[in-house]
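upload_25.txt follows; it contains compact mmCIF, C-alpha atoms (C1' of nucleotides).
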```
# COMPACT_ATOMS: atom_id res chain seq x y z
CA MET A 1 8.12 -34.92 38.32
CA THR A 2 9.02 -35.15 34.65
CA ALA A 3 6.84 -38.16 33.95
CA PRO A 4 9.50 -40.83 33.51
CA SER A 5 6.93 -43.39 32.54
CA ALA A 6 5.96 -41.63 29.34
CA ARG A 7 8.40 -43.24 26.89
CA PRO A 8 10.29 -46.24 28.15
CA ARG A 9 11.45 -46.83 24.59
CA ARG A 10 13.23 -43.51 24.06
CA ARG A 11 16.98 -43.66 23.98
CA ALA A 12 19.24 -41.37 26.00
CA ASP A 13 20.74 -39.61 22.99
CA ALA A 14 17.28 -38.80 21.70
CA GLU A 15 16.45 -37.26 25.04
CA ARG A 16 19.58 -35.16 24.80
CA SER A 17 18.77 -34.03 21.27
CA ILE A 18 15.28 -33.00 22.28
CA ALA A 19 16.61 -31.02 25.21
CA ARG A 20 19.13 -29.23 23.01
CA ILE A 21 16.50 -28.47 20.39
CA VAL A 22 14.03 -27.09 22.91
CA SER A 23 16.73 -25.02 24.52
CA ALA A 24 17.85 -23.62 21.19
CA ALA A 25 14.25 -22.91 20.26
CA ARG A 26 13.75 -20.95 23.46
CA THR A 27 16.83 -18.89 22.79
CA LEU A 28 16.25 -18.18 19.12
CA LEU A 29 12.51 -17.65 19.29
CA GLY A 30 13.18 -15.38 22.23
CA SER A 31 15.03 -12.95 20.02
CA ASP A 32 13.29 -13.62 16.70
CA PRO A 33 9.76 -15.01 16.64
CA ASN A 34 10.20 -16.00 13.01
CA ALA A 35 13.33 -18.08 13.48
CA SER A 36 13.17 -20.96 11.02
CA THR A 37 13.36 -24.62 11.92
CA ASP A 38 16.62 -24.63 10.04
CA ASP A 39 18.06 -21.91 12.26
CA ILE A 40 16.94 -23.73 15.37
CA ALA A 41 18.30 -27.08 14.28
CA ARG A 42 21.61 -25.51 13.37
CA ALA A 43 21.82 -23.68 16.69
CA ALA A 44 21.07 -26.95 18.48
CA GLY A 45 23.92 -28.61 16.61
CA VAL A 46 21.50 -31.01 15.04
CA GLY A 47 20.30 -31.80 11.54
CA ARG A 48 16.96 -30.47 10.46
CA MET A 49 15.80 -34.02 9.92
CA THR A 50 16.47 -34.90 13.52
CA LEU A 51 14.33 -31.98 14.58
CA TYR A 52 11.44 -33.13 12.45
CA GLY A 53 11.92 -36.58 13.85
CA HIS A 54 10.91 -35.29 17.26
CA PHE A 55 8.50 -32.49 16.41
CA ARG A 56 6.00 -33.11 13.68
CA THR A 57 5.43 -29.45 12.88
CA ARG A 58 6.94 -26.11 13.68
CA ALA A 59 3.97 -25.31 15.87
CA ASP A 60 4.65 -28.41 17.96
CA LEU A 61 8.15 -27.17 18.57
CA VAL A 62 7.03 -23.68 19.50
CA GLU A 63 4.54 -25.07 21.96
CA ALA A 64 7.17 -27.33 23.48
CA ALA A 65 9.52 -24.38 23.88
CA LEU A 66 6.86 -22.24 25.52
CA ALA A 67 5.79 -25.05 27.80
CA ASP A 68 9.40 -25.59 28.82
CA ALA A 69 9.85 -21.92 29.63
CA LEU A 70 6.65 -21.90 31.64
CA ARG A 71 7.76 -25.00 33.50
CA ASP A 72 10.89 -23.15 34.59
CA GLY A 73 8.75 -20.22 35.57
CA GLU A 74 6.55 -22.38 37.72
CA ALA A 75 9.60 -23.79 39.44
CA VAL A 76 10.87 -20.33 40.34
CA LEU A 77 7.44 -19.25 41.45
CA ALA A 78 7.12 -22.26 43.68
CA ALA A 79 10.50 -21.63 45.30
CA VAL A 80 9.84 -18.02 46.26
CA ASP A 81 8.73 -17.21 49.77
CA LEU A 82 5.35 -15.59 49.33
CA SER A 83 4.52 -15.09 52.97
CA GLY A 84 4.38 -11.78 54.77
CA ASP A 85 3.73 -8.43 53.17
CA ALA A 86 2.43 -8.92 49.64
CA ARG A 87 4.53 -6.06 48.28
CA ALA A 88 7.70 -7.54 49.67
CA ALA A 89 6.72 -10.92 48.29
CA ILE A 90 6.20 -9.47 44.83
CA GLY A 91 9.52 -7.69 45.13
CA ARG A 92 11.25 -10.98 45.91
CA LEU A 93 9.37 -12.66 43.11
CA LEU A 94 10.42 -10.11 40.50
CA ALA A 95 13.99 -9.99 41.73
CA SER A 96 14.40 -13.71 41.25
CA SER A 97 12.32 -14.23 38.17
CA TRP A 98 12.39 -11.20 35.96
CA GLU A 99 15.35 -12.42 33.96
CA LEU A 100 13.55 -15.64 33.30
CA VAL A 101 10.52 -13.87 31.93
CA ALA A 102 12.75 -11.49 30.04
CA GLU A 103 14.61 -14.29 28.35
CA SER A 104 11.42 -15.64 26.86
CA GLY A 105 11.22 -12.34 24.98
CA SER A 106 9.45 -12.79 21.70
CA LEU A 107 8.84 -16.48 22.36
CA LEU A 108 5.42 -15.43 23.50
CA ALA A 109 4.77 -13.57 20.27
CA ALA A 110 5.94 -16.58 18.29
CA ALA A 111 3.51 -18.84 20.11
CA GLU A 112 0.70 -16.32 19.79
CA GLY A 113 1.15 -16.33 16.05
CA VAL A 114 1.30 -20.07 15.51
CA LEU A 115 -0.75 -21.80 18.17
CA PRO A 116 -4.54 -22.15 18.06
CA ALA A 117 -6.55 -19.32 19.59
CA GLY A 118 -6.69 -19.77 23.36
CA ARG A 119 -3.79 -22.18 23.70
CA VAL A 120 -1.20 -19.66 24.87
CA ARG A 121 -3.39 -18.33 27.63
CA GLU A 122 -4.24 -21.88 28.59
CA LEU A 123 -0.58 -22.71 29.03
CA HIS A 124 -0.03 -19.53 31.00
CA ASP A 125 -2.86 -20.29 33.33
CA PRO A 126 -1.01 -22.00 36.22
CA PRO A 127 1.65 -19.33 36.79
CA ALA A 128 -0.74 -16.48 36.02
CA ARG A 129 -3.12 -17.81 38.62
CA ARG A 130 -0.44 -17.70 41.30
CA VAL A 131 0.50 -14.11 40.53
CA ALA A 132 -3.13 -13.08 40.43
CA GLU A 133 -3.71 -14.65 43.83
CA LEU A 134 -0.76 -12.77 45.24
CA VAL A 135 -2.12 -9.51 43.90
CA ARG A 136 -5.52 -10.30 45.33
CA ARG A 137 -4.05 -10.98 48.73
CA GLY A 138 -2.22 -7.70 48.60
CA ARG A 139 -5.50 -5.98 47.92
CA ASP A 140 -7.17 -7.67 50.85
CA GLU A 141 -4.30 -6.55 53.03
CA GLY A 142 -4.77 -3.03 51.74
CA VAL A 143 -1.25 -2.68 50.37
CA ILE A 144 -2.16 -2.88 46.68
CA ARG A 145 -4.38 -0.36 44.94
CA THR A 146 -7.99 -1.23 44.22
CA ASP A 147 -8.81 1.61 41.84
CA LEU A 148 -7.66 -0.34 38.79
CA PRO A 149 -8.78 -3.71 37.47
CA GLU A 150 -6.83 -6.61 38.92
CA ALA A 151 -6.20 -8.10 35.48
CA TRP A 152 -4.68 -4.84 34.33
CA LEU A 153 -2.30 -4.70 37.29
CA VAL A 154 -1.03 -8.17 36.48
CA GLY A 155 -0.73 -7.23 32.82
CA ALA A 156 1.09 -3.99 33.60
CA VAL A 157 3.78 -5.85 35.52
CA HIS A 158 4.11 -8.22 32.60
CA TYR A 159 4.62 -5.39 30.13
CA LEU A 160 7.14 -3.62 32.34
CA VAL A 161 9.20 -6.77 32.63
CA HIS A 162 9.20 -7.40 28.90
CA GLY A 163 9.85 -3.75 28.23
CA ALA A 164 12.88 -3.75 30.46
CA ALA A 165 14.17 -6.79 28.62
CA ASP A 166 13.81 -4.95 25.32
CA GLU A 167 15.64 -1.93 26.69
CA VAL A 168 18.50 -4.09 27.89
CA ARG A 169 18.70 -5.85 24.55
CA ALA A 170 18.77 -2.51 22.77
CA GLY A 171 21.50 -1.25 25.06
CA ARG A 172 19.43 1.60 26.44
CA LEU A 173 19.32 0.18 29.95
CA ALA A 174 22.29 -1.31 31.76
CA ALA A 175 21.71 -4.94 32.62
CA GLU A 176 22.69 -4.41 36.23
CA ASP A 177 20.18 -1.59 36.64
CA ALA A 178 17.32 -3.50 35.10
CA ALA A 179 16.19 -5.59 38.07
CA ASP A 180 16.03 -2.52 40.26
CA ALA A 181 14.15 -0.50 37.65
CA VAL A 182 11.65 -3.27 37.08
CA THR A 183 10.85 -3.94 40.71
CA LYS A 184 10.58 -0.28 41.63
CA SER A 185 8.41 0.51 38.63
CA ALA A 186 6.17 -2.49 39.11
CA LEU A 187 5.68 -1.80 42.79
CA SER A 188 4.85 1.81 42.01
CA VAL A 189 2.12 0.71 39.65
CA LEU A 190 0.77 -1.85 42.09
CA THR A 191 0.68 0.38 45.14
CA GLY A 192 -0.45 3.51 43.36
CA MET B 1 4.09 22.23 6.16
CA THR B 2 3.77 19.23 3.90
CA ALA B 3 6.36 20.40 1.40
CA PRO B 4 4.08 21.31 -1.53
CA SER B 5 7.06 22.00 -3.73
CA ALA B 6 8.22 18.39 -3.77
CA ARG B 7 6.30 17.09 -6.79
CA PRO B 8 4.58 19.69 -8.95
CA ARG B 9 3.99 16.93 -11.48
CA ARG B 10 1.93 14.61 -9.25
CA ARG B 11 -1.73 14.38 -10.07
CA ALA B 12 -4.49 14.77 -7.49
CA ASP B 13 -5.77 11.20 -7.85
CA ALA B 14 -2.29 9.87 -7.25
CA GLU B 15 -2.13 11.91 -4.09
CA ARG B 16 -5.41 10.41 -2.99
CA SER B 17 -4.25 6.87 -3.74
CA ILE B 18 -1.11 7.39 -1.76
CA ALA B 19 -3.08 8.72 1.18
CA ARG B 20 -5.44 5.75 1.11
CA ILE B 21 -2.58 3.28 0.85
CA VAL B 22 -0.67 4.82 3.74
CA SER B 23 -3.80 4.92 5.84
CA ALA B 24 -4.58 1.28 5.09
CA ALA B 25 -0.98 0.34 5.83
CA ARG B 26 -1.18 2.03 9.21
CA THR B 27 -4.35 0.17 10.07
CA LEU B 28 -3.32 -3.26 8.86
CA LEU B 29 0.28 -3.16 10.06
CA GLY B 30 -1.07 -1.94 13.36
CA SER B 31 -2.83 -5.23 13.95
CA ASP B 32 -0.56 -7.54 11.96
CA PRO B 33 3.09 -6.62 11.39
CA ASN B 34 3.29 -9.18 8.59
CA ALA B 35 0.38 -7.88 6.55
CA SER B 36 1.22 -8.40 2.90
CA THR B 37 1.31 -5.71 0.25
CA ASP B 38 -1.62 -7.49 -1.30
CA ASP B 39 -3.68 -7.16 1.88
CA ILE B 40 -2.82 -3.50 2.15
CA ALA B 41 -3.59 -2.72 -1.47
CA ARG B 42 -6.91 -4.52 -1.20
CA ALA B 43 -7.81 -2.68 2.01
CA ALA B 44 -6.97 0.59 0.33
CA GLY B 45 -9.27 -0.29 -2.55
CA VAL B 46 -6.39 -0.17 -4.94
CA GLY B 47 -4.59 -2.60 -7.22
CA ARG B 48 -1.33 -4.04 -6.07
CA MET B 49 0.34 -2.51 -9.07
CA THR B 50 -0.77 0.96 -8.08
CA LEU B 51 0.82 0.41 -4.72
CA TYR B 52 4.12 -0.60 -6.28
CA GLY B 53 3.84 2.40 -8.52
CA HIS B 54 4.18 4.65 -5.49
CA PHE B 55 6.33 2.59 -3.16
CA ARG B 56 9.25 0.78 -4.67
CA THR B 57 9.53 -1.82 -1.91
CA ARG B 58 7.54 -3.00 1.04
CA ALA B 59 10.06 -1.40 3.36
CA ASP B 60 9.43 1.97 1.72
CA LEU B 61 5.74 1.59 2.46
CA VAL B 62 6.32 0.60 6.07
CA GLU B 63 8.56 3.59 6.60
CA ALA B 64 6.00 5.90 5.04
CA ALA B 65 3.30 4.49 7.32
CA LEU B 66 5.42 4.91 10.41
CA ALA B 67 6.45 8.42 9.42
CA ASP B 68 2.80 9.31 8.87
CA ALA B 69 1.83 8.00 12.30
CA LEU B 70 4.67 9.90 13.91
CA ARG B 71 3.65 13.05 12.09
CA ASP B 72 0.21 12.75 13.66
CA GLY B 73 1.85 12.16 17.00
CA GLU B 74 3.90 15.28 16.68
CA ALA B 75 0.77 17.26 15.88
CA VAL B 76 -0.98 16.05 19.03
CA LEU B 77 2.09 16.65 21.10
CA ALA B 78 2.39 20.17 19.79
CA ALA B 79 -1.25 20.93 20.60
CA VAL B 80 -1.15 19.85 24.23
CA ASP B 81 -0.69 22.48 26.91
CA LEU B 82 2.54 21.51 28.63
CA SER B 83 2.70 24.39 31.07
CA GLY B 84 2.20 24.11 34.82
CA ASP B 85 2.79 20.99 36.89
CA ALA B 86 4.67 18.40 34.88
CA ARG B 87 2.55 15.58 36.22
CA ALA B 88 -0.63 17.25 35.15
CA ALA B 89 0.88 17.99 31.76
CA ILE B 90 1.81 14.38 31.27
CA GLY B 91 -1.66 13.38 32.36
CA ARG B 92 -3.17 15.65 29.72
CA LEU B 93 -0.70 14.38 27.18
CA LEU B 94 -1.57 10.74 27.77
CA ALA B 95 -5.29 11.40 27.90
CA SER B 96 -5.25 12.98 24.48
CA SER B 97 -2.66 10.86 22.78
CA TRP B 98 -2.70 7.36 24.15
CA GLU B 99 -5.21 6.14 21.61
CA LEU B 100 -3.04 7.43 18.85
CA VAL B 101 -0.04 5.55 20.11
CA ALA B 102 -2.20 2.53 20.75
CA GLU B 103 -3.50 2.49 17.20
CA SER B 104 0.00 2.20 15.84
CA GLY B 105 0.13 -1.11 17.68
CA SER B 106 2.40 -3.52 15.89
CA LEU B 107 3.30 -0.96 13.26
CA LEU B 108 6.38 -0.33 15.33
CA ALA B 109 7.30 -4.00 15.33
CA ALA B 110 6.77 -4.14 11.59
CA ALA B 111 9.13 -1.23 11.06
CA GLU B 112 11.67 -2.64 13.49
CA GLY B 113 11.79 -5.83 11.48
CA VAL B 114 12.15 -4.29 8.03
CA LEU B 115 13.96 -0.98 8.30
CA PRO B 116 17.74 -0.61 8.61
CA ALA B 117 19.17 -0.67 12.12
CA GLY B 118 18.79 2.73 13.71
CA ARG B 119 16.15 4.10 11.36
CA VAL B 120 13.16 3.56 13.64
CA ARG B 121 14.72 5.38 16.55
CA GLU B 122 15.82 8.11 14.20
CA LEU B 123 12.24 8.66 13.11
CA HIS B 124 11.05 8.60 16.70
CA ASP B 125 13.54 11.18 17.76
CA PRO B 126 11.47 14.38 17.50
CA PRO B 127 8.50 13.24 19.60
CA ALA B 128 10.68 11.26 22.00
CA ARG B 129 12.76 14.36 22.62
CA ARG B 130 9.69 16.34 23.64
CA VAL B 131 8.54 13.71 26.11
CA ALA B 132 12.02 13.40 27.52
CA GLU B 133 12.19 17.12 28.05
CA LEU B 134 8.90 17.06 29.88
CA VAL B 135 10.16 14.32 32.15
CA ARG B 136 13.34 16.25 32.80
CA ARG B 137 11.39 19.34 33.73
CA GLY B 138 9.31 17.29 36.13
CA ARG B 139 12.50 16.11 37.76
CA ASP B 140 13.82 19.61 38.15
CA GLU B 141 10.54 20.59 39.75
CA GLY B 142 10.88 17.65 42.10
CA VAL B 143 7.61 15.99 41.09
CA ILE B 144 9.12 13.09 39.16
CA ARG B 145 11.35 10.47 40.70
CA THR B 146 15.09 10.65 40.22
CA ASP B 147 16.01 7.20 41.47
CA LEU B 148 15.59 5.60 38.04
CA PRO B 149 17.21 6.45 34.70
CA GLU B 150 15.33 9.05 32.74
CA ALA B 151 15.40 6.94 29.60
CA TRP B 152 13.80 4.07 31.44
CA LEU B 153 10.98 6.26 32.72
CA VAL B 154 10.17 7.34 29.20
CA GLY B 155 10.38 3.78 28.00
CA ALA B 156 8.17 2.50 30.81
CA VAL B 157 5.39 4.86 29.83
CA HIS B 158 5.76 3.69 26.27
CA TYR B 159 5.40 0.04 27.24
CA LEU B 160 2.42 0.70 29.47
CA VAL B 161 0.62 2.47 26.66
CA HIS B 162 1.27 -0.28 24.17
CA GLY B 163 0.42 -2.91 26.75
CA ALA B 164 -2.91 -1.31 27.44
CA ALA B 165 -3.60 -1.31 23.73
CA ASP B 166 -2.87 -5.03 23.57
CA GLU B 167 -5.16 -5.70 26.52
CA VAL B 168 -7.97 -3.79 24.88
CA ARG B 169 -7.48 -5.64 21.62
CA ALA B 170 -7.52 -8.95 23.47
CA GLY B 171 -10.70 -7.97 25.26
CA ARG B 172 -9.15 -8.17 28.71
CA LEU B 173 -9.49 -4.46 29.38
CA ALA B 174 -12.57 -2.40 28.60
CA ALA B 175 -11.82 0.33 26.11
CA GLU B 176 -13.45 2.98 28.29
CA ASP B 177 -11.29 2.01 31.28
CA ALA B 178 -8.05 2.03 29.36
CA ALA B 179 -7.25 5.72 29.36
CA ASP B 180 -7.73 5.90 33.10
CA ALA B 181 -5.65 2.79 33.71
CA VAL B 182 -2.83 4.06 31.52
CA THR B 183 -2.60 7.52 32.99
CA LYS B 184 -2.80 6.31 36.59
CA SER B 185 -0.24 3.57 36.02
CA ALA B 186 2.14 5.80 34.14
CA LEU B 187 1.96 8.56 36.73
CA SER B 188 2.58 6.02 39.46
CA VAL B 189 5.74 4.89 37.76
CA LEU B 190 6.90 8.43 37.12
CA THR B 191 6.28 9.78 40.59
CA GLY B 192 7.45 6.70 42.46
C1' DC C 1 -8.79 17.76 -26.52
C1' DA C 2 -4.58 15.75 -26.40
C1' DT C 3 -0.90 14.35 -23.72
C1' DA C 4 0.95 12.60 -19.89
C1' DA C 5 -0.09 10.66 -15.69
C1' DC C 6 -2.35 7.26 -13.48
C1' DT C 7 -4.72 2.66 -12.68
C1' DC C 8 -4.99 -2.12 -12.89
C1' DA C 9 -5.29 -7.21 -14.32
C1' DA C 10 -2.81 -11.28 -15.25
C1' DA C 11 1.19 -13.67 -15.58
C1' DC C 12 5.93 -14.58 -14.35
C1' DA C 13 10.44 -15.08 -11.91
C1' DT C 14 12.47 -15.44 -7.43
C1' DG C 15 13.33 -17.00 -3.04
C1' DG C 16 12.30 -18.50 1.64
C1' DC C 17 10.42 -21.84 4.58
C1' DC C 18 7.73 -25.90 5.61
C1' DG C 19 7.10 -30.69 5.59
C1' DT C 20 8.15 -35.29 3.32
C1' DA C 21 10.73 -39.09 1.21
C1' DC C 22 14.64 -41.93 0.49
C1' DG C 23 18.66 -44.03 2.05
C1' DA C 24 22.81 -44.68 4.34
C1' DG C 25 25.63 -44.31 8.33
C1' DT C 26 26.15 -44.35 13.55
C1' DT C 27 25.19 -45.50 18.27
C1' DA C 28 22.79 -47.07 22.41
C1' DG C 29 21.55 -50.96 25.12
C1' DG C 30 19.74 -55.71 25.91
C1' DC D 1 27.33 -58.16 19.23
C1' DC D 2 23.22 -57.32 17.06
C1' DT D 3 19.10 -55.11 16.52
C1' DA D 4 16.37 -51.23 16.91
C1' DA D 5 16.67 -46.58 17.61
C1' DC D 6 18.61 -42.58 16.27
C1' DT D 7 21.07 -39.20 13.15
C1' DC D 8 21.52 -36.61 9.07
C1' DG D 9 22.41 -35.21 4.00
C1' DT D 10 20.16 -34.39 -0.16
C1' DA D 11 16.55 -33.49 -2.65
C1' DC D 12 11.88 -32.59 -3.81
C1' DG D 13 7.05 -30.47 -3.91
C1' DG D 14 4.11 -27.02 -2.33
C1' DC D 15 2.89 -22.66 -0.57
C1' DC D 16 3.16 -17.81 -0.07
C1' DA D 17 4.97 -13.13 -0.52
C1' DT D 18 7.85 -10.01 -3.03
C1' DG D 19 8.81 -7.41 -6.97
C1' DT D 20 8.76 -7.06 -12.26
C1' DT D 21 6.86 -7.11 -16.84
C1' DT D 22 3.42 -6.25 -20.38
C1' DG D 23 -0.10 -3.93 -22.21
C1' DA D 24 -4.28 -1.73 -22.35
C1' DG D 25 -7.84 1.16 -20.36
C1' DT D 26 -9.07 5.64 -17.72
C1' DT D 27 -8.67 10.29 -16.05
C1' DA D 28 -6.72 14.58 -14.67
C1' DT D 29 -4.95 18.80 -16.31
C1' DG D 30 -2.76 22.32 -19.28
```

Show how you would write the structure in this file as structure tokens.
Amino acid sequence: MTAPSARPRRRADAERSIARIVSAARTLLGSDPNASTDDIARAAGVGRMTLYGHFRTRADLVEAALADALRDGEAVLAAVDLSGDARAAIGRLLASSWELVAESGSLLAAAEGVLPAGRVRELHDPPARRVAELVRRGRDEGVIRTDLPEAWLVGAVHYLVHGAADEVRAGRLAAEDAADAVTKSALSVLTG
Amino acid sequence: MTAPSARPRRRADAERSIARIVSAARTLLGSDPNASTDDIARAAGVGRMTLYGHFRTRADLVEAALADALRDGEAVLAAVDLSGDARAAIGRLLASSWELVAESGSLLAAAEGVLPAGRVRELHDPPARRVAELVRRGRDEGVIRTDLPEAWLVGAVHYLVHGAADEVRAGRLAAEDAADAVTKSALSVLTG
DNA sequence: CATAACTCAAACATGGCCGTACGAGTTAGG
DNA sequence: CCTAACTCGTACGGCCATGTTTGAGTTATG
């Protein structure tokens, strides 16, 4: 699944370094979209030179981090049972994935600021498509409101999730209450 | 109301310059939190030196811009009829103020990144208190849900408003549909 | 009208971050 | 064990934004 044929000439320690760098990038960019390459390298326990050995530019690294996060998201999405009532399915989806989305935090903003115009949306396309389809099915089943644009409904859920993450980070919402608040709020918006 | 006694020795043209600079800062920082002082001065039709003549640091300017936006917000809030059903009052409030909040856009993010820790929340306190009180009243009247923390409800509305603004800016939501989408979504979250 | 306030251009110092270059040391893997 | 791959420190050049200085022109206001 992870394209093992890509680089037969890459050593194991390099692979490990890359993984640590991407992971650190996800974490740091998630809380500060302007985190420097130096910060990221340091957090990864790696010299800045090593980082530049694997990622030509900062933008390359940001894209890799976003792609990695989205890959995880796709995995979660694929594992969730989406059958049955669409509302229940969305509830299950949010319950098991909201933290993941929340962790990305400002990573999205970082990518938006550095990557070429439509690139971010392009990368988001696979997971977004699955959510949109779920919403559409819910509409066909009559359990999700039709008086608001479908794209807005998807967006609203997105903003609620990220908002909850911000509130938790700021200490205004208890972490253990967040999942409940997010799912209830999102379902309220979706069902009207 | 605007403390006329503060600076009897400030000339009228200076006052005008300051107003133009603050206005430009609100506009530019609203769409790009990293707008430079040079950008802002240029947009205000003023030399960079004039800007630094009135605002010692960039942070000072950002705070002034945020304070100005919040002052406008307070004015709108004060003008809205908050009597009667709390839901209807909130509907009226959002209808007449969401654009204002939306215009501030990334101004908030800009302030968050530059001002000392609790300063932003401190500035937000007066308007936030009024909204919170309205939500509380709605709860007492039994028209607003009580199964989620009050602070989260207020925050959720905030995120929906800003999200809608983003969607409009990105062209994914028609400007004329936005107010409707925001009020309906927000009321759904509030009423459960 | 005369003074003080204001405006503004150009140039400079500072500092952060990016990306590159050189070069030496370390480690994986055939 | 030996070679190629990898790591990493230091150091540099370039860019951009902040904030200051100088000095001279313009305008409000008493």

So which residues touch region 2-19 of chain D within 9 Å, counting all atoms listed in the file, skipping near sequence neighbours fewer than 5 positions away, as number ranges by chain?
A: 9-11, 13-14, 46-50; B: 36-38, 52, 56-58; C: 14-15, 18, 20-21, 25-28

Between B:Ala156, B:Ala79, B:Ala175, B:Ala170, smallest distance to chain A by only C-alpha atoms belongs to B:Ala156

Rounded to one decimal in Å, what is the spacing between CA of Leu148 (chain A) and CA of Gly171 (chain B)?
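CA of Leu148 (chain A) sits 15.8 Å away from CA of Gly171 (chain B).
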
CA of Ala151 (chain A) and CA of Glu122 (chain A) are how many Å apart?
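CA of Ala151 (chain A) sits 15.5 Å away from CA of Glu122 (chain A).
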
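With only C-alpha atoms (C1' of nucleotides) as the atoms that count, the minimum distance from chain C to the choices B:Ser31, B:Val76, B:Arg137, B:Ala41 is reached by B:Ala41.
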
Per-residue nearest contacts chain C to chain B, cut-off 12 Å, using only C-alpha atoms (C1' of nucleotides), as JSON lines:
```
{"residue": "C:DA4", "atom": "C1'", "partner": "B:Arg9", "partner_atom": "CA", "distance": 9.9}
{"residue": "C:DA5", "atom": "C1'", "partner": "B:Arg11", "partner_atom": "CA", "distance": 6.9}
{"residue": "C:DC6", "atom": "C1'", "partner": "B:Ala14", "partner_atom": "CA", "distance": 6.8}
{"residue": "C:DT7", "atom": "C1'", "partner": "B:Thr50", "partner_atom": "CA", "distance": 6.3}
{"residue": "C:DC8", "atom": "C1'", "partner": "B:Gly47", "partner_atom": "CA", "distance": 5.7}
{"residue": "C:DA9", "atom": "C1'", "partner": "B:Gly47", "partner_atom": "CA", "distance": 8.5}
{"residue": "C:DA10", "atom": "C1'", "partner": "B:Met49", "partner_atom": "CA", "distance": 11.2}
```

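Taking CA of Arg139 (chain B) as the reference point, CA of Leu190 (chain B) is found at 9.5 Å.
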
Since the input has fewer atoms than a full residue there, write region 115-126 of chain B out with N, CA and C atoms, as a PDB file, in the coordinates of the input.
```pdb
ATOM      1  N   LEU B 115      13.101  -2.126   8.570  1.00  0.00           N
ATOM      2  CA  LEU B 115      13.960  -0.980   8.300  1.00  0.00           C
ATOM      3  C   LEU B 115      15.382  -1.208   8.786  1.00  0.00           C
ATOM      4  N   PRO B 116      16.342  -0.498   8.170  1.00  0.00           N
ATOM      5  CA  PRO B 116      17.740  -0.610   8.610  1.00  0.00           C
ATOM      6  C   PRO B 116      17.878  -0.241  10.079  1.00  0.00           C
ATOM      7  N   ALA B 117      18.947  -0.717  10.678  1.00  0.00           N
ATOM      8  CA  ALA B 117      19.170  -0.670  12.120  1.00  0.00           C
ATOM      9  C   ALA B 117      18.585   0.517  12.874  1.00  0.00           C
ATOM     10  N   GLY B 118      19.195   1.658  12.824  1.00  0.00           N
ATOM     11  CA  GLY B 118      18.790   2.730  13.710  1.00  0.00           C
ATOM     12  C   GLY B 118      17.652   3.597  13.184  1.00  0.00           C
ATOM     13  N   ARG B 119      17.115   3.246  12.035  1.00  0.00           N
ATOM     14  CA  ARG B 119      16.150   4.100  11.360  1.00  0.00           C
ATOM     15  C   ARG B 119      14.912   4.398  12.199  1.00  0.00           C
ATOM     16  N   VAL B 120      14.382   3.384  12.873  1.00  0.00           N
ATOM     17  CA  VAL B 120      13.160   3.560  13.640  1.00  0.00           C
ATOM     18  C   VAL B 120      13.360   4.597  14.739  1.00  0.00           C
ATOM     19  N   ARG B 121      14.443   4.447  15.472  1.00  0.00           N
ATOM     20  CA  ARG B 121      14.720   5.380  16.550  1.00  0.00           C
ATOM     21  C   ARG B 121      14.942   6.786  15.996  1.00  0.00           C
ATOM     22  N   GLU B 122      15.566   6.831  14.852  1.00  0.00           N
ATOM     23  CA  GLU B 122      15.820   8.110  14.200  1.00  0.00           C
ATOM     24  C   GLU B 122      14.498   8.826  13.918  1.00  0.00           C
ATOM     25  N   LEU B 123      13.537   8.077  13.410  1.00  0.00           N
ATOM     26  CA  LEU B 123      12.240   8.660  13.110  1.00  0.00           C
ATOM     27  C   LEU B 123      11.504   9.076  14.385  1.00  0.00           C
ATOM     28  N   HIS B 124      11.726   8.298  15.434  1.00  0.00           N
ATOM     29  CA  HIS B 124      11.050   8.600  16.700  1.00  0.00           C
ATOM     30  C   HIS B 124      11.668   9.780  17.435  1.00  0.00           C
ATOM     31  N   ASP B 125      12.790  10.217  16.988  1.00  0.00           N
ATOM     32  CA  ASP B 125      13.540  11.180  17.760  1.00  0.00           C
ATOM     33  C   ASP B 125      12.781  12.461  18.106  1.00  0.00           C
ATOM     34  N   PRO B 126      12.153  13.106  17.152  1.00  0.00           N
ATOM     35  CA  PRO B 126      11.470  14.380  17.500  1.00  0.00           C
ATOM     36  C   PRO B 126      10.444  14.231  18.613  1.00  0.00           C
TER      37      PRO B 126
END
```
